Structure formats: structure tokens, C-alpha cells
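target27.tsv follows; it contains TSV, C-alpha atoms.
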```tsv
chain	number	residue	atom	x	y	z
F	1	MET	CA	73.04	76.05	86.30
F	2	ASN	CA	75.06	75.98	83.11
F	3	ARG	CA	77.20	79.11	82.82
F	4	VAL	CA	76.09	79.86	79.28
F	5	CYS	CA	72.44	79.54	80.24
F	6	LEU	CA	72.97	81.79	83.24
F	7	LEU	CA	74.60	84.46	81.11
F	8	PHE	CA	71.75	84.21	78.62
F	9	ILE	CA	69.25	84.82	81.40
F	10	VAL	CA	71.30	87.80	82.57
F	11	TYR	CA	71.26	89.15	79.03
F	12	CYS	CA	67.50	88.75	78.83
F	13	LEU	CA	67.13	90.65	82.08
F	14	LEU	CA	69.30	93.43	80.71
F	15	VAL	CA	67.17	93.94	77.63
F	16	SER	CA	63.86	93.26	79.34
F	17	SER	CA	61.30	96.06	79.26
F	18	CYS	CA	59.12	94.44	81.92
F	19	HIS	CA	58.04	96.32	85.01
F	20	GLN	CA	59.50	95.59	88.43
F	21	LYS	CA	57.93	92.63	90.17
F	22	VAL	CA	55.82	94.02	92.99
F	23	VAL	CA	55.69	92.34	96.39
F	24	GLN	CA	54.19	95.24	98.33
F	25	GLU	CA	53.19	98.70	97.18
F	26	GLN	CA	53.83	101.88	99.14
F	27	GLY	CA	52.84	104.91	97.11
F	28	THR	CA	55.05	105.01	94.01
F	29	GLN	CA	57.73	102.74	95.52
F	30	THR	CA	57.84	98.97	95.47
F	31	HIS	CA	59.58	96.05	97.07
F	32	CYS	CA	61.26	93.89	94.45
F	33	VAL	CA	62.48	90.31	94.23
F	34	LYS	CA	65.97	89.36	93.08
F	35	GLU	CA	65.85	87.30	89.91
F	36	ILE	CA	69.46	86.18	89.51
F	37	SER	CA	73.07	87.10	90.31
F	38	LEU	CA	76.02	87.56	87.97
F	39	PRO	CA	78.41	84.57	88.13
F	40	VAL	CA	81.58	85.68	89.97
F	41	LYS	CA	84.11	82.90	90.42
F	42	TYR	CA	87.19	84.41	92.11
F	43	ALA	CA	86.55	88.00	93.18
F	44	LYS	CA	85.12	88.51	96.66
F	45	GLY	CA	84.75	92.29	96.75
F	46	PHE	CA	81.72	92.83	94.54
F	47	SER	CA	78.44	91.32	93.42
F	48	VAL	CA	75.85	92.13	90.76
F	49	ASP	CA	72.21	91.20	91.37
F	50	TYR	CA	69.41	91.48	88.83
F	51	TYR	CA	65.84	92.42	89.55
F	52	ASN	CA	63.02	92.74	87.04
F	53	GLY	CA	63.74	96.22	85.74
F	54	PHE	CA	66.99	97.21	87.45
F	55	LYS	CA	70.27	95.86	88.83
F	56	VAL	CA	72.12	96.32	92.12
F	57	ILE	CA	75.93	96.43	92.22
F	58	THR	CA	77.49	95.98	95.65
F	59	VAL	CA	81.07	96.70	96.76
F	60	LYS	CA	82.10	94.85	99.90
F	61	ASP	CA	85.07	93.83	102.02
F	62	TRP	CA	86.98	91.06	100.23
F	63	ARG	CA	87.78	89.51	103.61
F	64	ASP	CA	84.28	89.84	105.06
F	65	SER	CA	81.47	89.88	102.50
F	66	SER	CA	78.95	90.93	105.15
F	67	LYS	CA	80.67	94.34	105.35
F	68	VAL	CA	79.23	96.52	102.56
F	69	PHE	CA	81.23	99.59	101.49
F	70	ALA	CA	78.90	100.90	98.79
F	71	GLN	CA	75.86	99.92	96.77
F	72	TYR	CA	74.57	101.20	93.45
F	73	ILE	CA	71.18	100.87	91.77
F	74	LEU	CA	71.10	101.18	87.99
F	75	LEU	CA	67.75	101.87	86.38
F	76	PRO	CA	66.33	104.14	83.66
F	77	LYS	CA	66.23	107.84	84.47
F	78	GLY	CA	63.02	108.95	86.16
F	79	LYS	CA	62.06	105.49	87.36
F	80	PRO	CA	61.34	105.37	91.14
F	81	ALA	CA	63.95	103.67	93.29
F	82	PRO	CA	62.85	100.54	95.20
F	83	ILE	CA	62.49	101.11	98.93
F	84	ASP	CA	64.66	98.08	99.81
F	85	PHE	CA	67.88	99.99	99.04
F	86	SER	CA	67.55	103.25	100.91
F	87	ASN	CA	71.34	103.62	101.36
F	88	ALA	CA	72.22	102.83	97.75
F	89	LEU	CA	73.29	105.44	95.22
F	90	LEU	CA	70.91	105.73	92.30
F	91	LEU	CA	72.58	105.82	88.87
F	92	ASP	CA	70.71	106.58	85.68
F	93	THR	CA	71.11	104.31	82.69
F	94	PRO	CA	72.48	104.27	80.15
F	95	VAL	CA	75.83	105.52	81.48
F	96	ARG	CA	77.03	108.45	79.35
F	97	LYS	CA	80.49	109.62	80.37
F	98	VAL	CA	82.78	108.82	83.29
F	99	ILE	CA	85.95	110.20	84.85
F	100	CYS	CA	88.78	107.82	85.81
F	101	ILE	CA	91.17	108.58	88.65
F	102	SER	CA	93.18	105.34	88.45
F	103	THR	CA	95.01	104.20	85.32
F	104	ASN	CA	93.91	100.56	85.61
F	105	HIS	CA	90.27	101.68	85.38
F	106	ILE	CA	91.18	103.28	82.06
F	107	ALA	CA	92.70	99.98	80.91
F	108	THR	CA	89.54	98.08	81.79
F	109	LEU	CA	87.29	100.45	79.84
F	110	ILE	CA	89.59	100.22	76.83
F	111	ARG	CA	89.52	96.41	77.00
F	112	LEU	CA	85.73	96.57	76.93
F	113	GLY	CA	85.78	98.88	73.92
F	114	LEU	CA	84.50	101.81	75.98
F	115	MET	CA	87.27	104.38	75.58
F	116	ASP	CA	84.78	106.85	74.13
F	117	SER	CA	82.92	106.91	77.44
F	118	ILE	CA	85.96	108.41	79.21
F	119	SER	CA	85.46	112.18	79.48
F	120	GLY	CA	88.24	112.89	81.98
F	121	VAL	CA	91.32	111.34	83.57
F	122	ALA	CA	93.56	112.19	86.49
F	123	ASN	CA	97.32	111.72	86.88
F	124	VAL	CA	97.96	112.10	83.17
F	125	ASP	CA	101.74	111.70	83.58
F	126	LEU	CA	101.16	108.19	84.95
F	127	ILE	CA	99.11	106.98	81.97
F	128	TYR	CA	100.92	104.53	79.71
F	129	ASP	CA	98.31	104.07	76.98
F	130	LYS	CA	99.44	106.19	74.03
F	131	ASP	CA	95.95	106.60	72.51
F	132	VAL	CA	94.62	108.07	75.75
F	133	ALA	CA	97.64	110.37	76.02
F	134	VAL	CA	97.00	111.64	72.49
F	135	LYS	CA	93.31	112.25	73.23
F	136	VAL	CA	94.31	114.26	76.32
F	137	LYS	CA	96.70	116.39	74.27
F	138	GLN	CA	93.97	116.96	71.69
F	139	ASN	CA	91.49	117.88	74.47
F	140	GLN	CA	89.21	114.99	73.51
F	141	ILE	CA	89.69	113.69	77.06
F	142	ALA	CA	90.01	116.26	79.82
F	143	ASN	CA	92.88	116.39	82.31
F	144	VAL	CA	91.28	116.75	85.77
F	145	GLY	CA	94.52	117.10	87.72
F	146	SER	CA	96.70	114.87	89.85
F	147	ASN	CA	97.53	115.52	93.50
F	148	GLU	CA	95.11	118.44	93.45
F	149	LEU	CA	92.06	117.58	91.38
F	150	ASN	CA	90.42	120.22	89.21
F	151	TYR	CA	86.91	119.97	90.61
F	152	GLU	CA	85.72	122.90	88.51
F	153	LYS	CA	86.64	120.95	85.38
F	154	MET	CA	84.90	117.85	86.74
F	155	VAL	CA	81.69	119.82	87.27
F	156	GLU	CA	81.96	121.17	83.74
F	157	LEU	CA	82.29	117.62	82.34
F	158	ASN	CA	79.07	116.59	84.12
F	159	PRO	CA	79.88	112.84	84.14
F	160	SER	CA	77.47	110.05	84.99
F	161	PHE	CA	79.94	109.30	87.79
F	162	VAL	CA	83.63	109.20	88.75
F	163	PHE	CA	85.45	105.88	89.25
F	164	THR	CA	87.36	106.19	92.55
F	165	SER	CA	89.62	103.86	94.53
F	166	GLY	CA	89.00	104.70	98.16
F	167	ASP	CA	92.04	105.57	100.27
F	168	TRP	CA	94.34	105.48	97.27
F	169	ASP	CA	92.86	108.62	95.78
F	170	GLY	CA	91.66	110.63	98.74
F	171	GLY	CA	89.04	108.38	100.26
F	172	ASP	CA	86.19	110.00	102.17
F	173	LYS	CA	87.58	113.51	101.67
F	174	MET	CA	87.30	113.21	97.90
F	175	LYS	CA	83.93	111.49	98.13
F	176	LYS	CA	82.51	114.30	100.28
F	177	LYS	CA	83.87	116.95	97.94
F	178	LEU	CA	82.29	115.26	94.93
F	179	ARG	CA	78.99	114.89	96.78
F	180	SER	CA	78.99	118.60	97.65
F	181	LEU	CA	79.32	119.32	93.93
F	182	HIS	CA	76.51	116.88	93.08
F	183	ILE	CA	78.94	114.58	91.26
F	184	LYS	CA	78.33	110.89	91.83
F	185	SER	CA	81.23	108.53	92.51
F	186	VAL	CA	81.61	104.76	92.17
F	187	LEU	CA	84.05	102.91	94.41
F	188	ASN	CA	86.21	100.42	92.50
F	189	LEU	CA	88.31	98.31	94.88
F	190	ASP	CA	89.82	95.89	92.39
F	191	TYR	CA	93.30	96.48	93.85
F	192	MET	CA	92.16	95.05	97.20
F	193	GLU	CA	91.80	91.56	95.73
F	194	GLN	CA	95.00	89.59	96.27
F	195	GLU	CA	94.30	86.59	94.04
F	196	PRO	CA	95.49	87.38	90.48
F	197	LEU	CA	92.38	86.03	88.75
F	198	ALA	CA	90.14	87.71	91.31
F	199	ARG	CA	91.64	91.10	90.52
F	200	ALA	CA	91.17	90.54	86.78
F	201	GLU	CA	87.57	89.45	87.30
F	202	TRP	CA	86.66	93.01	88.31
F	203	ILE	CA	86.26	93.65	84.59
F	204	LYS	CA	82.77	92.23	85.20
F	205	PHE	CA	82.16	94.94	87.80
F	206	THR	CA	82.99	97.74	85.38
F	207	ALA	CA	81.07	96.05	82.57
F	208	ALA	CA	77.91	95.86	84.69
F	209	PHE	CA	77.53	99.66	84.64
F	210	TYR	CA	77.40	99.54	80.84
F	211	ASP	CA	75.34	96.36	80.32
F	212	ARG	CA	78.47	94.69	78.92
F	213	GLU	CA	78.45	91.66	81.21
F	214	VAL	CA	78.41	89.12	78.37
F	215	GLU	CA	81.45	90.70	76.71
F	216	ALA	CA	83.29	90.90	80.04
F	217	ASP	CA	82.62	87.24	80.75
F	218	CYS	CA	84.08	86.26	77.37
F	219	ILE	CA	87.20	88.36	77.99
F	220	PHE	CA	87.68	87.01	81.50
F	221	SER	CA	87.10	83.40	80.43
F	222	GLU	CA	89.98	83.71	77.97
F	223	ILE	CA	92.23	85.22	80.66
F	224	GLU	CA	91.32	82.42	83.07
F	225	LYS	CA	91.90	79.75	80.42
F	226	ASN	CA	95.36	81.12	79.61
F	227	TYR	CA	96.31	81.48	83.28
F	228	LEU	CA	95.29	77.95	84.24
F	229	SER	CA	96.95	76.52	81.14
F	230	LEU	CA	100.23	78.16	82.12
F	231	LYS	CA	99.95	76.83	85.68
F	232	GLU	CA	99.46	73.36	84.25
F	233	LYS	CA	102.95	73.52	82.72
F	234	LEU	CA	104.45	73.66	86.21
F	235	LYS	CA	103.31	70.15	87.13
F	236	SER	CA	106.58	68.81	85.71
F	237	VAL	CA	108.71	71.18	87.84
F	238	SER	CA	110.57	69.53	90.73
F	239	THR	CA	112.64	72.48	92.01
F	240	LYS	CA	111.67	76.07	92.66
F	241	PRO	CA	114.12	79.00	92.66
F	242	THR	CA	114.19	81.11	95.81
F	243	VAL	CA	112.85	84.63	95.28
F	244	PHE	CA	112.76	87.96	97.12
F	245	SER	CA	111.64	91.39	95.97
F	246	ASN	CA	111.78	95.18	96.16
F	247	LEU	CA	114.42	97.63	97.38
F	248	PRO	CA	114.71	99.42	100.72
F	249	PHE	CA	113.08	102.85	100.99
F	250	LYS	CA	114.39	105.25	103.63
F	251	GLU	CA	116.16	102.36	105.38
F	252	ILE	CA	113.03	100.20	105.52
F	253	TRP	CA	112.63	97.20	103.23
F	254	TYR	CA	108.93	96.79	102.46
F	255	MET	CA	108.59	93.10	101.73
F	256	PRO	CA	105.19	91.68	100.71
F	257	CYS	CA	103.81	88.89	102.88
F	258	GLY	CA	102.40	85.63	101.56
F	259	GLU	CA	98.84	87.02	101.33
F	260	ASN	CA	99.98	89.73	98.96
F	261	TYR	CA	99.20	89.80	95.24
F	262	MET	CA	102.79	89.44	94.02
F	263	PRO	CA	103.79	86.45	96.20
F	264	LYS	CA	100.67	84.66	94.96
F	265	LEU	CA	101.77	85.24	91.38
F	266	ILE	CA	105.27	84.06	92.27
F	267	ALA	CA	103.88	80.88	93.81
F	268	ASP	CA	101.68	80.19	90.77
F	269	ALA	CA	104.75	80.68	88.55
F	270	GLY	CA	106.75	78.07	90.41
F	271	GLY	CA	108.88	80.34	92.57
F	272	ASN	CA	109.69	79.94	96.25
F	273	PHE	CA	109.11	83.37	97.78
F	274	LEU	CA	111.17	83.51	100.96
F	275	TRP	CA	108.55	85.43	102.99
F	276	LYS	CA	105.52	83.45	101.81
F	277	ASP	CA	104.66	82.31	105.37
F	278	ALA	CA	105.31	85.62	107.13
F	279	LYS	CA	102.46	87.61	108.66
F	280	ALA	CA	102.08	91.23	107.57
F	281	THR	CA	102.95	94.13	109.86
F	282	ASN	CA	101.84	96.96	107.55
F	283	GLY	CA	98.77	96.19	105.49
F	284	LEU	CA	99.97	93.28	103.37
F	285	ASN	CA	103.66	94.12	103.72
F	286	LEU	CA	106.47	93.58	106.18
F	287	ASN	CA	108.65	96.41	107.47
F	288	LEU	CA	112.13	94.87	107.60
F	289	ASP	CA	115.63	96.04	108.37
F	290	TYR	CA	118.25	95.58	105.67
F	291	GLU	CA	120.15	93.08	107.81
F	292	VAL	CA	117.06	90.91	108.24
F	293	VAL	CA	116.55	90.74	104.49
F	294	TYR	CA	120.20	89.99	103.79
F	295	ALA	CA	120.31	87.22	106.38
F	296	LYS	CA	117.46	85.42	104.62
F	297	ALA	CA	117.95	86.37	100.98
F	298	ALA	CA	121.73	86.55	100.59
F	299	ASP	CA	121.77	83.31	98.59
F	300	ALA	CA	118.38	83.71	96.88
F	301	ASP	CA	118.31	82.80	93.20
F	302	ILE	CA	116.08	85.59	91.85
F	303	TRP	CA	115.61	89.22	92.84
F	304	LEU	CA	112.43	90.85	91.54
F	305	CYS	CA	113.28	94.51	91.85
F	306	ASN	CA	109.85	96.13	91.60
F	307	GLY	CA	111.22	99.62	91.85
F	308	PHE	CA	112.77	102.28	89.67
F	309	ALA	CA	116.31	100.92	89.41
F	310	ARG	CA	117.16	100.93	85.71
F	311	SER	CA	120.42	98.97	85.88
F	312	LEU	CA	122.77	96.93	88.06
F	313	THR	CA	124.87	100.07	88.40
F	314	GLU	CA	121.94	101.97	89.91
F	315	ILE	CA	121.34	99.17	92.41
F	316	LYS	CA	125.00	99.33	93.39
F	317	SER	CA	124.90	103.12	93.66
F	318	ALA	CA	121.84	102.96	95.93
F	319	ASP	CA	123.80	100.87	98.44
F	320	LYS	CA	127.07	99.03	97.89
F	321	LYS	CA	125.80	96.24	100.18
F	322	ASN	CA	123.34	95.30	97.43
F	323	THR	CA	126.24	93.79	95.50
F	324	PHE	CA	126.67	91.13	98.21
F	325	PHE	CA	123.46	89.34	97.22
F	326	LYS	CA	123.96	86.24	95.11
F	327	ALA	CA	121.24	87.45	92.73
F	328	TYR	CA	123.31	90.57	92.05
F	329	LYS	CA	126.52	88.62	91.51
F	330	THR	CA	124.78	86.30	89.02
F	331	ALA	CA	122.84	89.18	87.40
F	332	ASN	CA	119.51	87.50	88.11
F	333	ILE	CA	117.64	90.72	88.87
F	334	PHE	CA	114.45	91.53	86.99
F	335	ASN	CA	112.36	94.69	87.04
F	336	ASN	CA	108.75	95.08	85.90
F	337	ASP	CA	109.42	98.39	84.16
F	338	LYS	CA	109.96	97.22	80.58
F	339	ARG	CA	106.83	99.09	79.49
F	340	ASN	CA	107.00	102.59	80.92
F	341	THR	CA	107.14	106.22	79.85
F	342	SER	CA	109.61	108.98	80.64
F	343	SER	CA	106.89	110.79	82.61
F	344	GLY	CA	106.21	107.83	84.91
F	345	GLY	CA	103.59	105.79	83.10
F	346	PHE	CA	103.92	102.19	84.29
F	347	ASP	CA	102.05	99.62	82.23
F	348	PHE	CA	102.60	96.83	84.77
F	349	TRP	CA	100.10	98.50	87.10
F	350	GLU	CA	97.89	99.85	84.28
F	351	THR	CA	97.13	96.74	82.24
F	352	GLY	CA	98.92	94.14	84.35
F	353	PRO	CA	96.05	93.58	86.83
F	354	LEU	CA	93.81	92.76	83.86
F	355	ASN	CA	96.48	90.53	82.29
F	356	PRO	CA	97.57	88.18	85.09
F	357	ASP	CA	98.13	85.48	82.48
F	358	MET	CA	100.76	87.65	80.78
F	359	VAL	CA	102.41	88.53	84.10
F	360	LEU	CA	102.41	84.83	84.99
F	361	ALA	CA	104.07	83.97	81.66
F	362	ASP	CA	106.83	86.50	82.41
F	363	LEU	CA	107.46	85.02	85.84
F	364	ILE	CA	107.43	81.43	84.58
F	365	PHE	CA	110.03	82.37	81.97
F	366	ILE	CA	112.17	84.04	84.66
F	367	PHE	CA	111.93	81.05	87.02
F	368	HIS	CA	111.71	78.17	84.53
F	369	PRO	CA	112.78	79.39	81.06
F	370	GLU	CA	112.82	75.83	79.72
F	371	LEU	CA	109.02	75.73	79.97
F	372	LEU	CA	108.53	78.65	77.56
F	373	PRO	CA	111.18	78.39	74.84
F	374	ASN	CA	111.49	81.42	72.54
F	375	TYR	CA	109.33	83.50	74.89
F	376	GLU	CA	110.00	87.25	75.11
F	377	LEU	CA	109.35	89.07	78.37
F	378	TYR	CA	106.44	91.52	78.18
F	379	TYR	CA	106.34	93.45	81.47
F	380	TYR	CA	109.67	92.42	82.99
F	381	ARG	CA	113.25	92.85	81.81
F	382	LYS	CA	116.58	91.58	83.07
F	383	LEU	CA	118.77	94.33	84.48
F	384	LYS	CA	122.20	94.77	82.95
```

Output the file's structure in the form of C-alpha cells.
Amino acid sequence: MNRVCLLFIVYCLLVSSCHQKVVQEQGTQTHCVKEISLPVKYAKGFSVDYYNGFKVITVKDWRDSSKVFAQYILLPKGKPAPIDFSNALLLDTPVRKVICISTNHIATLIRLGLMDSISGVANVDLIYDKDVAVKVKQNQIANVGSNELNYEKMVELNPSFVFTSGDWDGGDKMKKKLRSLHIKSVLNLDYMEQEPLARAEWIKFTAAFYDREVEADCIFSEIEKNYLSLKEKLKSVSTKPTVFSNLPFKEIWYMPCGENYMPKLIADAGGNFLWKDAKATNGLNLNLDYEVVYAKAADADIWLCNGFARSLTEIKSADKKNTFFKAYKTANIFNNDKRNTSSGGFDFWETGPLNPDMVLADLIFIFHPELLPNYELYYYRKLK
């Protein structure tokens, strides 16, 4: 079915005032028939299905779609829930206010024009967006804490729900605490997607809670178009610079494996990531000794230092052996901290997941500057 037609049908379902289609009645509850599903092209961790009168949003394992983590039913307040989804969380529509624990969820709502729906945020020091920071200072958006969340404040805000990120923000412990306080939570696992466009496509997931699917599709289509257009430029490239990343932490060098988000971006940008074929030993990372990294990356062309080193001097101070790498000697070290705040706000991980086309442009310029003449790095900067 034509994508435009499909989106039009979805829109009609959203504004429809029809009753649920009944297959079998049991008291006040009914079985319902799925009408259509939201087009999702890259992301594997969520789906949105439309019924006549309500929608079902499902969060699942990106590696095994049969494994469901959470399910949400959105329908007007007071309307009986269908009996087919006994384990789903019922959410009233329209959504009023939400609380965001992760900064990239804030970025997605802002991109959708929904900043006013944010009633509270966590980890304020890590937020890069200046408008949100101002609203927090002016008490227009509440600060609900960081390592220790202010649950009393969250109860006071009485949100429609809290956007959470699973293990990254407390996992089941936080979920149980919220449930005990009668605060609903929505699991957003966008960070689990390892394909750059798949991660960005989760804007459709967030949009579905607000009936903004059409707007989200337009935004994502532009991102996809830009990303694929940039990749097309690499067809003329015959050589790829060798690349490695990160810095050791407590004597362990956590190197991403080929399945990881960053190596996929590096590959799409025309870089040869030296551990692209390695199998992960810790999630999607490798735990390597310094000597192992040096043996393989001593002559690498580019070092993507995704850490907090602000200069070549800091890299040298961290460990004098770092100066032995060719990338250090040629000053070809780049960090993704160009857009950050003194308190720790890091825009690369706030808006970057939603802007893979802009991250890709940065990496293409780093690897193949001749392809993007007069380009200025957005997220990355060259260390001096």
C-alpha cells in the first residue's frame, strides 16, 4: 500500500469517533479487530497497531520481536478496555503531561513541538537544551532529581505517565516504586536499537502517544532522505581510513563491537573500524587490555575519542603511552563533545540519536573531507 495512503488511513483512525468493532461481547468488554499498523521501516523494538476506537503500542526485544517487554492501550478516559490485552497498561487520551528521565526523550518531544507537555525532568545537570534549562530555573518544568528521584514531587505533578529507559534509569526497581505511587510509566528503549536510522525512527513511538504520527513520519522521512543522500556520496570512495575509539577506563579499554551503534555509523561514513568483526564480551562492547588495543590500532588513521578528554595534552596526561599512537602523532583525534555544558550536558547523546544524518555528516567530513567542502563539524571537534 502506498505510504501516503497508509498514513491517511492512520490519520482517519485517529480522528474517528466510531465505536470499537465487536467480534464477541462479554458484559461491557469486547474483542476487537486490528485495522492497520503504523509503517515502521527500520526500528525493530516497537509497533503501533490501530483498532476502531483505540490503539495499542508495543515495546519488544529488538533482537526477538516475539519477546514483548510492555504494551500500552490508548483510548478515551472511561472507555472499557478490550479483553484481548489483559496485561497491557491502560493510558487515557489525550495525554496531558509527562515526566522525562532521559535527555533524548526531551529532545524528541521538542522536535515534535511538544515541549509544553513536559512537566518534569530528571538529571537536570545533564540537559543541554537551553530552553528547557531556563524553564527548570523558572519552575515551569519541575526538577525531579537525579540519582535519587524525588518521588514526592512526581506524585505532586500527577503526570499522564513517566518516560523511562529500563535498566538505564533503575529498571524494575523504579517501575515498582512508581506503580506503588499509582504513577504510570512508559518504557522507551530507543537506545537499544543499533542501526542509526532505527534509533531515530523511535520518534514515531513517542508521537503515537500524542496522535502526532503524521508529523513524526514527515520529520523522519527528511532524516532518512538526508542520511541516504550522504551515504550515496561514498560510492566514489576507494579507500577507507582505519578507525578506533574511546579511552581506557580503570585499565580496561571498552571498545564497541561491530554490532554497536557507533561502528555502524563509522561504516556508513566510509571508515574502517578495526573491531568491526569482533564479537562482544560485555553487552555490545569488548573489554580489552591496553596492549591489545595498541597492537591493533598503533597505526590507525583516526581516533574517535568519545570521552571527556578536552585536548591532546589531557590525553597525554592520562597515559604517556597514548602519545605512541599514530593518530596522536598526526593530531587526528576527534571528540564528540563540541556541544556540551559545564555541568555535563552532552548534546551528542541528547539530540544526536534523533539526528543520525548530522552525525553521519560529521564522520564523513572527518574521514573524507573532500566529499563535504566548506563543511563545519556540528557534534565533533578536532582536539588540539

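Of the listed residues F:Lys204, F:Lys173, F:Arg381, F:His182, the one whose atoms come nearest to Arg111 of chain F is F:Lys204, with distances taken using only C-alpha atoms.
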
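Shortest atom-to-atom contact with Cys305 of chain F among F:Tyr191, F:Phe161, F:Trp349, F:Phe334: F:Phe334, counting all atoms listed in the file.
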
For Val155 of chain F: contacts at 10 Å, only C-alpha atoms, fewer than 6 positions along chain excluded, given as a list in words: Leu178, Leu181, His182 and Ile183 of chain F

field: Surrounding residues of Val136 of chain F excluding itself and chain neighbours under 2 positions, 12 Å, all atoms listed in the file, as a ChimeraX atom specification
entry: /F:118-125,127,129-134,138-145

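For the choices F:Phe54, F:Phe163, F:Tyr380, F:Phe365, the atom-to-atom distance to Phe348 of chain F is smallest for F:Tyr380 when using all atoms listed in the file.
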
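Remark: for Lys225 of chain F, the closest of the candidate residues F:Ile36, F:Arg63, F:Pro356, F:Val243 is F:Pro356 (distances computed over all atoms listed in the file).
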
field: atom CA of Phe308 of chain F to atom CA of Pro373 of chain F, straight-line distance in Å
entry: 28.2 Å

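Across the model, the gap from atom CA of Phe367 of chain F to atom CA of Thr242 of chain F is 9.1 Å.
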
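If you look at atom CA of Asn226 of chain F and atom CA of Leu363 of chain F, they are 14.2 Å away from each other.
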